[in-house]
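**Q** This is the structure I want to talk about, given as structure tokens.
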Amino acid sequence: TQQRTVRGALIGCGFFAENQMRAWRDLHEMGKGVEIVALCDRDPQRLAYFRDLFGVEAAYTEAETLFAAFAGELDFVDIATTTPSHAALVPLAARHGVDIICQKPFAGSLENASRLIAQCSASRVSLGIHENFRWQHAVRQTIETLRSGRIGRPFFGRISYRSGFDVYAAQPYLARAERFILEDLGIHVLDIARALFGEVARLSCETTRINAAIAGEDVATLMLQHDDGITSVVDCSYATRLADDPFPQSLIEVDGVHGSLRLRQDFVLEIHDTGGHCVVQTVRPEPPAWSESPWVPIQASVLAFQADWLEAYRQNRPIETRGEDNYNTLALVEAAYEAAATHQSVIPERWN
Ligand code: NAD
Ligand code: 89Y
């Protein structure tokens with residue numbers, strides 16, 4: 001039987017949303033039954049650019065107008081705007097009864113996040129956060145190998161993201177943000193830490209700024225103590241000069257009681273056992289036709305995240321990175337800023 005087409009609207013036609021639109025179009029062309037039928041951006045030039053690029057005629061500069069025009073005709077909204085708009089757009093979508101995907105960093109504060117999660121729940125709409133790094137193929141393979149039990153119970157982990165890539169060119173707001181690497185990028189790496197090792201009981205963090213031309217911190221080093229007794233180190237930098245810059249790869253080490261995992265640069269996953277043997281797997285992402293270097297792992301993960309969201313929608317199951325789950329990742333970011341300011345370890349808040 002033919003499955004019903006799931007109809008969505010995109011709000012925010014900026015730099016990153018282009019990936020999201022291309023991924024929705026791929027899913028449509030794969031016969032997955034999903035379509036973006038309306039667009040919104042408060043900037044008429046960005047709106048016109050997306051309308052022409054993706055051939056979506058219904059285009060609005062105000063989200064209210066879009067929802068009024070499509071009353072009862074939308075299944076979901078994909079909110080791809082930056083954080084300050086979430087507090088107004090999420091309740092607006094919830095009031096119109098549509099399921100919601102919202103970009104990270106969600107909501108801007110734990111208080112806002114908590115309120116928006118409650119409003120979505122009261123309106124009986126799902127809230128999924130576009131947290132795609134745990135959907136990067138190499139990261140996912142590492143998570144699944146660990147979860148398979150192949151190296152036994154883990155006791156140590158390190159997730160390392162060090163680059164000197166000029167992220168400010170495409171995302172100039174990052175150079176102006178008082179909070180930079182932890183909120184923009186560390187949030188993803190901390191989410192990978194949760195996906196690998198579970199919730200965090202306490203953490204410590206030190207930060208610094210190397211690039212004098214930006215407002216926030218561009219280096220952060222954290223130590224996390226997880227509920228299950230695992231210790232992990234998360235380290236992030238956008239000030240690291242390397243001839244073979246790994247942007248945007250996260251490199252991962254996990255030591256378990258029966259072996260170790262090493263996710264090396266360029267998509268090599270090593271699985272070491274207790275006998276001194278090592279199996280080497282290539283975990284390179286399948287590049288979408290529209291992907292371009294060096295963004296391929298992220299672009300492929302956008303497609304993987306949205307494919308999972310669509311499957312979850314059809315199966316009526318929650319996605320991994322639903323609002324309540326993402327609250328605990330946001331809480332790690334908040335705790336990290338507090339730990340860096342006080343030089344004390346901090347117990348992160350947790351969704352109850
Ligand atoms: P951007 O500034 O290029 O795009 C945002 C767009 O939203 C702009 O065109 C702006 O006009 C529009 N907008 C803002 N508020 C609006 C409102 N109330 N109504 C309608 N339109 C509105 O930003 P970007 O670089 O595309 O980033 C967007 C978000 O995506 C950020 O939160 C960023 O952190 C996130 N991001 C995620 C990833 C990832 O891998 N998940 C990667 C890059 C960026
Ligand atoms: O905004 C960031 C993200 O979410 O992934 C990488 C990025 O584009 C720059 O740090």
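Starting from 1 in every chain, residues are counted up; chains themselves are A, B, ... following the order of the structure tokens, and ligands are numbered from 1 as listed.
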Name each residue within 7 Å of ligand 1, counting only C-alpha atoms and all ligand atoms, as a PyMOL selection string.
**A** chain A and resi 11-17+40-43+46+61-63+80-83+85+89+103-105+130-133+170-171+184+298
**Q** For ligand 2, list the contacting residues at 7 Å or closer, counting only C-alpha atoms and all ligand atoms, as a list in words.
**A** Val167, Asp184, Leu185 and Pro248 of chain A
**Q** Do a neighbour search on Val6 of chain A at 12 Å with only C-alpha atoms, toss out local chain neighbours closer than 5 positions, and write the hits as an mmCIF file with N, CA and C atoms, in the first residue's frame.
**A**
```cif
data_model
loop_
_atom_site.group_PDB
_atom_site.id
_atom_site.type_symbol
_atom_site.label_atom_id
_atom_site.label_comp_id
_atom_site.auth_asym_id
_atom_site.auth_seq_id
_atom_site.Cartn_x
_atom_site.Cartn_y
_atom_site.Cartn_z
ATOM 1 N N TRP A 24 15.818 16.361 2.954
ATOM 2 C CA TRP A 24 14.374 16.075 2.772
ATOM 3 C C TRP A 24 14.094 15.712 1.317
ATOM 4 N N LEU A 27 15.158 12.166 0.635
ATOM 5 C CA LEU A 27 14.199 11.204 1.205
ATOM 6 C C LEU A 27 12.952 11.133 0.330
ATOM 7 N N HIS A 28 12.524 12.296 -0.171
ATOM 8 C CA HIS A 28 11.383 12.346 -1.096
ATOM 9 C C HIS A 28 11.679 11.514 -2.353
ATOM 10 N N GLY A 31 11.529 7.854 -2.299
ATOM 11 C CA GLY A 31 10.189 7.283 -2.144
ATOM 12 C C GLY A 31 9.770 7.115 -0.689
ATOM 13 N N LYS A 32 10.389 7.891 0.215
ATOM 14 C CA LYS A 32 10.073 7.755 1.648
ATOM 15 C C LYS A 32 8.810 8.519 2.036
ATOM 16 N N GLY A 33 8.247 9.285 1.090
ATOM 17 C CA GLY A 33 6.968 9.936 1.368
ATOM 18 C C GLY A 33 7.069 11.107 2.322
ATOM 19 N N VAL A 34 7.915 12.055 2.005
ATOM 20 C CA VAL A 34 7.999 13.267 2.825
ATOM 21 C C VAL A 34 8.226 14.446 1.888
ATOM 22 N N GLU A 35 7.654 15.590 2.236
ATOM 23 C CA GLU A 35 7.782 16.753 1.355
ATOM 24 C C GLU A 35 7.736 18.033 2.175
ATOM 25 N N ILE A 36 8.631 18.970 1.841
ATOM 26 C CA ILE A 36 8.550 20.307 2.442
ATOM 27 C C ILE A 36 7.672 21.151 1.518
ATOM 28 N N VAL A 37 6.516 21.586 2.047
ATOM 29 C CA VAL A 37 5.522 22.262 1.209
ATOM 30 C C VAL A 37 5.487 23.773 1.426
ATOM 31 N N GLU A 73 -3.046 21.412 7.489
ATOM 32 C CA GLU A 73 -2.423 20.743 6.335
ATOM 33 C C GLU A 73 -0.976 20.327 6.573
ATOM 34 N N LEU A 74 -0.437 20.673 7.729
ATOM 35 C CA LEU A 74 0.972 20.351 7.998
ATOM 36 C C LEU A 74 1.073 19.244 9.042
ATOM 37 N N ASP A 75 2.044 18.335 8.850
ATOM 38 C CA ASP A 75 2.328 17.322 9.868
ATOM 39 C C ASP A 75 3.449 17.758 10.799
ATOM 40 N N PHE A 76 4.419 18.487 10.237
ATOM 41 C CA PHE A 76 5.567 18.865 11.081
ATOM 42 C C PHE A 76 6.198 20.156 10.591
ATOM 43 N N VAL A 77 7.011 20.731 11.482
ATOM 44 C CA VAL A 77 7.801 21.910 11.123
ATOM 45 C C VAL A 77 9.258 21.616 11.468
ATOM 46 N N VAL A 98 1.393 20.863 15.276
ATOM 47 C CA VAL A 98 2.294 20.129 14.373
ATOM 48 C C VAL A 98 3.498 19.603 15.160
ATOM 49 N N ASP A 99 3.993 18.444 14.757
ATOM 50 C CA ASP A 99 5.213 17.916 15.370
ATOM 51 C C ASP A 99 6.390 18.813 15.010
ATOM 52 N N TRP A 309 14.164 10.252 11.957
ATOM 53 C CA TRP A 309 13.001 11.017 12.441
ATOM 54 C C TRP A 309 11.734 10.573 11.692
ATOM 55 N N LEU A 310 11.866 10.426 10.362
ATOM 56 C CA LEU A 310 10.709 10.065 9.539
ATOM 57 C C LEU A 310 10.212 8.661 9.885
ATOM 58 N N GLU A 311 11.154 7.748 10.075
ATOM 59 C CA GLU A 311 10.771 6.375 10.451
ATOM 60 C C GLU A 311 10.072 6.388 11.815
ATOM 61 N N TYR A 313 8.451 8.852 13.119
ATOM 62 C CA TYR A 313 7.125 9.471 12.942
ATOM 63 C C TYR A 313 6.124 8.414 12.493
ATOM 64 N N ARG A 314 6.533 7.604 11.510
ATOM 65 C CA ARG A 314 5.611 6.588 10.974
ATOM 66 C C ARG A 314 5.345 5.482 11.991
#
```
**Q** Using Å and a single decimal, report how far atom CA of Pro285 of chain A sits from atom CA of Ala138 of chain A.
**A**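 That distance, rounded to one decimal, is 6.9 Å.
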**Q** I'd like to know which residues of segment 214-340 of chain A are strand (DSSP E) (by DSSP, run on the backbone); could you write them as a ChimeraX atom specification?
**A** /A:219-226,231-237,251-256,259-264,268-273,278-282
**Q** Mind running segment 177-237 of chain A against segment 327-332 of chain A at 8 Å and telling me each contacting residue's nearest atom pair with the distance in Å (one decimal), counting only C-alpha atoms, chain and number ascending, as CSV?
**A**
```
residue,atom,partner,partner_atom,distance
A:Ile187,CA,A:Thr329,CA,6.6
A:Leu190,CA,A:Thr329,CA,6.5
A:Asp191,CA,A:Thr329,CA,5.6
A:Arg194,CA,A:Thr329,CA,7.5
A:Glu199,CA,A:Asn328,CA,7.7
A:Val200,CA,A:Leu332,CA,7.9
```
**Q** Go ahead and save the residues from that selection, with N, CA and C atoms, as an mmCIF file, in the first residue's frame.
**A**
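Result file part.cif:
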```cif
data_model
loop_
_atom_site.group_PDB
_atom_site.id
_atom_site.type_symbol
_atom_site.label_atom_id
_atom_site.label_comp_id
_atom_site.auth_asym_id
_atom_site.auth_seq_id
_atom_site.Cartn_x
_atom_site.Cartn_y
_atom_site.Cartn_z
ATOM 1 N N ILE A 187 28.512 20.984 22.599
ATOM 2 C CA ILE A 187 27.177 20.403 22.814
ATOM 3 C C ILE A 187 27.035 19.072 22.059
ATOM 4 N N LEU A 190 29.495 16.488 23.728
ATOM 5 C CA LEU A 190 28.916 16.027 24.993
ATOM 6 C C LEU A 190 27.748 15.076 24.741
ATOM 7 N N ASP A 191 27.006 15.322 23.672
ATOM 8 C CA ASP A 191 25.908 14.405 23.329
ATOM 9 C C ASP A 191 26.456 13.032 22.915
ATOM 10 N N ARG A 194 27.288 11.201 26.054
ATOM 11 C CA ARG A 194 26.088 10.605 26.673
ATOM 12 C C ARG A 194 25.646 9.360 25.916
ATOM 13 N N GLU A 199 24.473 8.940 31.399
ATOM 14 C CA GLU A 199 24.336 10.241 32.071
ATOM 15 C C GLU A 199 25.565 10.565 32.925
ATOM 16 N N VAL A 200 25.712 11.865 33.195
ATOM 17 C CA VAL A 200 26.923 12.365 33.858
ATOM 18 C C VAL A 200 26.590 12.797 35.286
#
```
**Q** A:Glu57, A:Leu146, A:Phe247, A:Leu224: which is nearest Ser293 of chain A, counting only C-alpha atoms?
**A** A:Phe247
**Q** Calculated over only C-alpha atoms, which of the candidates A:Thr321, A:Gly275, A:Val302, A:Gly152 has the smallest distance to Pro288 of chain A?
**A**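 Comparing A:Thr321, A:Gly275, A:Val302, A:Gly152 against Pro288 of chain A, the winner is A:Val302.
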**Q** Between A:Ser121, A:Thr142, A:Gln306, A:Gln299, single out the one closest to Glu270 of chain A, counting only C-alpha atoms.
**A**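 Among A:Ser121, A:Thr142, A:Gln306, A:Gln299, it is A:Thr142 that comes nearest to Glu270 of chain A.
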**Q** Of the candidates A:Cys236, A:Ala300, A:Ile214, A:Ile151, which shows the shortest atom-to-atom distance to Arg262 of chain A, using only C-alpha atoms?
**A**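 Using only C-alpha atoms, Arg262 of chain A sits closest to A:Ile151.
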**Q** Grab the atom CA of Arg22 of chain A to atom CA of Ile129 of chain A distance for me, in Å with one decimal place.
**A**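 Interatomic distance, atom CA of Arg22 of chain A to atom CA of Ile129 of chain A: 18.4 Å.
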**Q** Given only C-alpha atoms as the basis, pick out the residue of A:Asn19, A:Ile117, A:Cys205, A:Ala340 nearest to Glu292 of chain A.
**A**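 With only C-alpha atoms as the atom set, the closest residue is A:Asn19.
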**Q** Could you pull out the residues in segment 167-329 of chain A that DSSP calls alpha helix (DSSP H) from the backbone, as JSON, numbers by chain?
**A** {"A": [173, 174, 175, 176, 181, 187, 188, 189, 190, 191, 192, 193, 194, 195, 196, 197, 296, 297, 298, 299, 300, 301, 302, 303, 304, 305, 306, 307, 308, 309, 310, 311, 312, 313, 314, 315, 323, 324, 325, 326, 327, 328, 329]}
**Q** Output C-alpha atoms for every residue in the selection just made, as a compact mmCIF listing (two decimals), in the first residue's frame.
**A**
```
# COMPACT_ATOMS: atom_id res chain seq x y z
CA TYR A 173 27.45 34.92 14.48
CA LEU A 174 29.84 32.40 16.06
CA ALA A 175 32.61 35.02 16.20
CA ARG A 176 30.30 37.39 18.12
CA ILE A 181 32.81 26.42 21.44
CA ILE A 187 27.18 20.40 22.81
CA HIS A 188 27.52 17.77 20.05
CA VAL A 189 30.60 16.17 21.58
CA LEU A 190 28.92 16.03 24.99
CA ASP A 191 25.91 14.40 23.33
CA ILE A 192 28.23 11.75 21.86
CA ALA A 193 29.63 11.20 25.38
CA ARG A 194 26.09 10.60 26.67
CA ALA A 195 25.28 8.27 23.76
CA LEU A 196 28.43 6.23 24.52
CA PHE A 197 28.64 6.29 28.31
CA VAL A 296 30.58 15.27 4.15
CA PRO A 297 30.35 13.50 7.58
CA ILE A 298 27.95 16.17 8.88
CA GLN A 299 25.88 16.31 5.70
CA ALA A 300 25.54 12.50 5.67
CA SER A 301 24.48 12.66 9.34
CA VAL A 302 21.73 15.19 8.54
CA LEU A 303 20.28 12.67 6.09
CA ALA A 304 20.63 9.84 8.66
CA PHE A 305 19.01 11.92 11.42
CA GLN A 306 16.08 12.99 9.23
CA ALA A 307 15.60 9.42 7.91
CA ASP A 308 15.39 8.19 11.52
CA TRP A 309 13.00 11.02 12.44
CA LEU A 310 10.71 10.07 9.54
CA GLU A 311 10.77 6.37 10.45
CA ALA A 312 10.04 7.27 14.08
CA TYR A 313 7.12 9.47 12.94
CA ARG A 314 5.61 6.59 10.97
CA GLN A 315 6.20 4.10 13.81
CA GLY A 323 13.44 17.36 23.97
CA GLU A 324 13.62 15.56 27.33
CA ASP A 325 16.79 13.73 26.29
CA ASN A 326 18.43 16.83 24.85
CA TYR A 327 17.73 18.66 28.13
CA ASN A 328 20.44 16.48 29.70
CA THR A 329 22.92 17.43 26.97
```
**Q** Neighbouring residues of His272 of chain A were defined as those with any atom within 7 Å, considering only C-alpha atoms; residues of the same chain fewer than 4 positions away were excluded. Please report them as a ChimeraX atom specification.
**A** /A:259-261,276-279
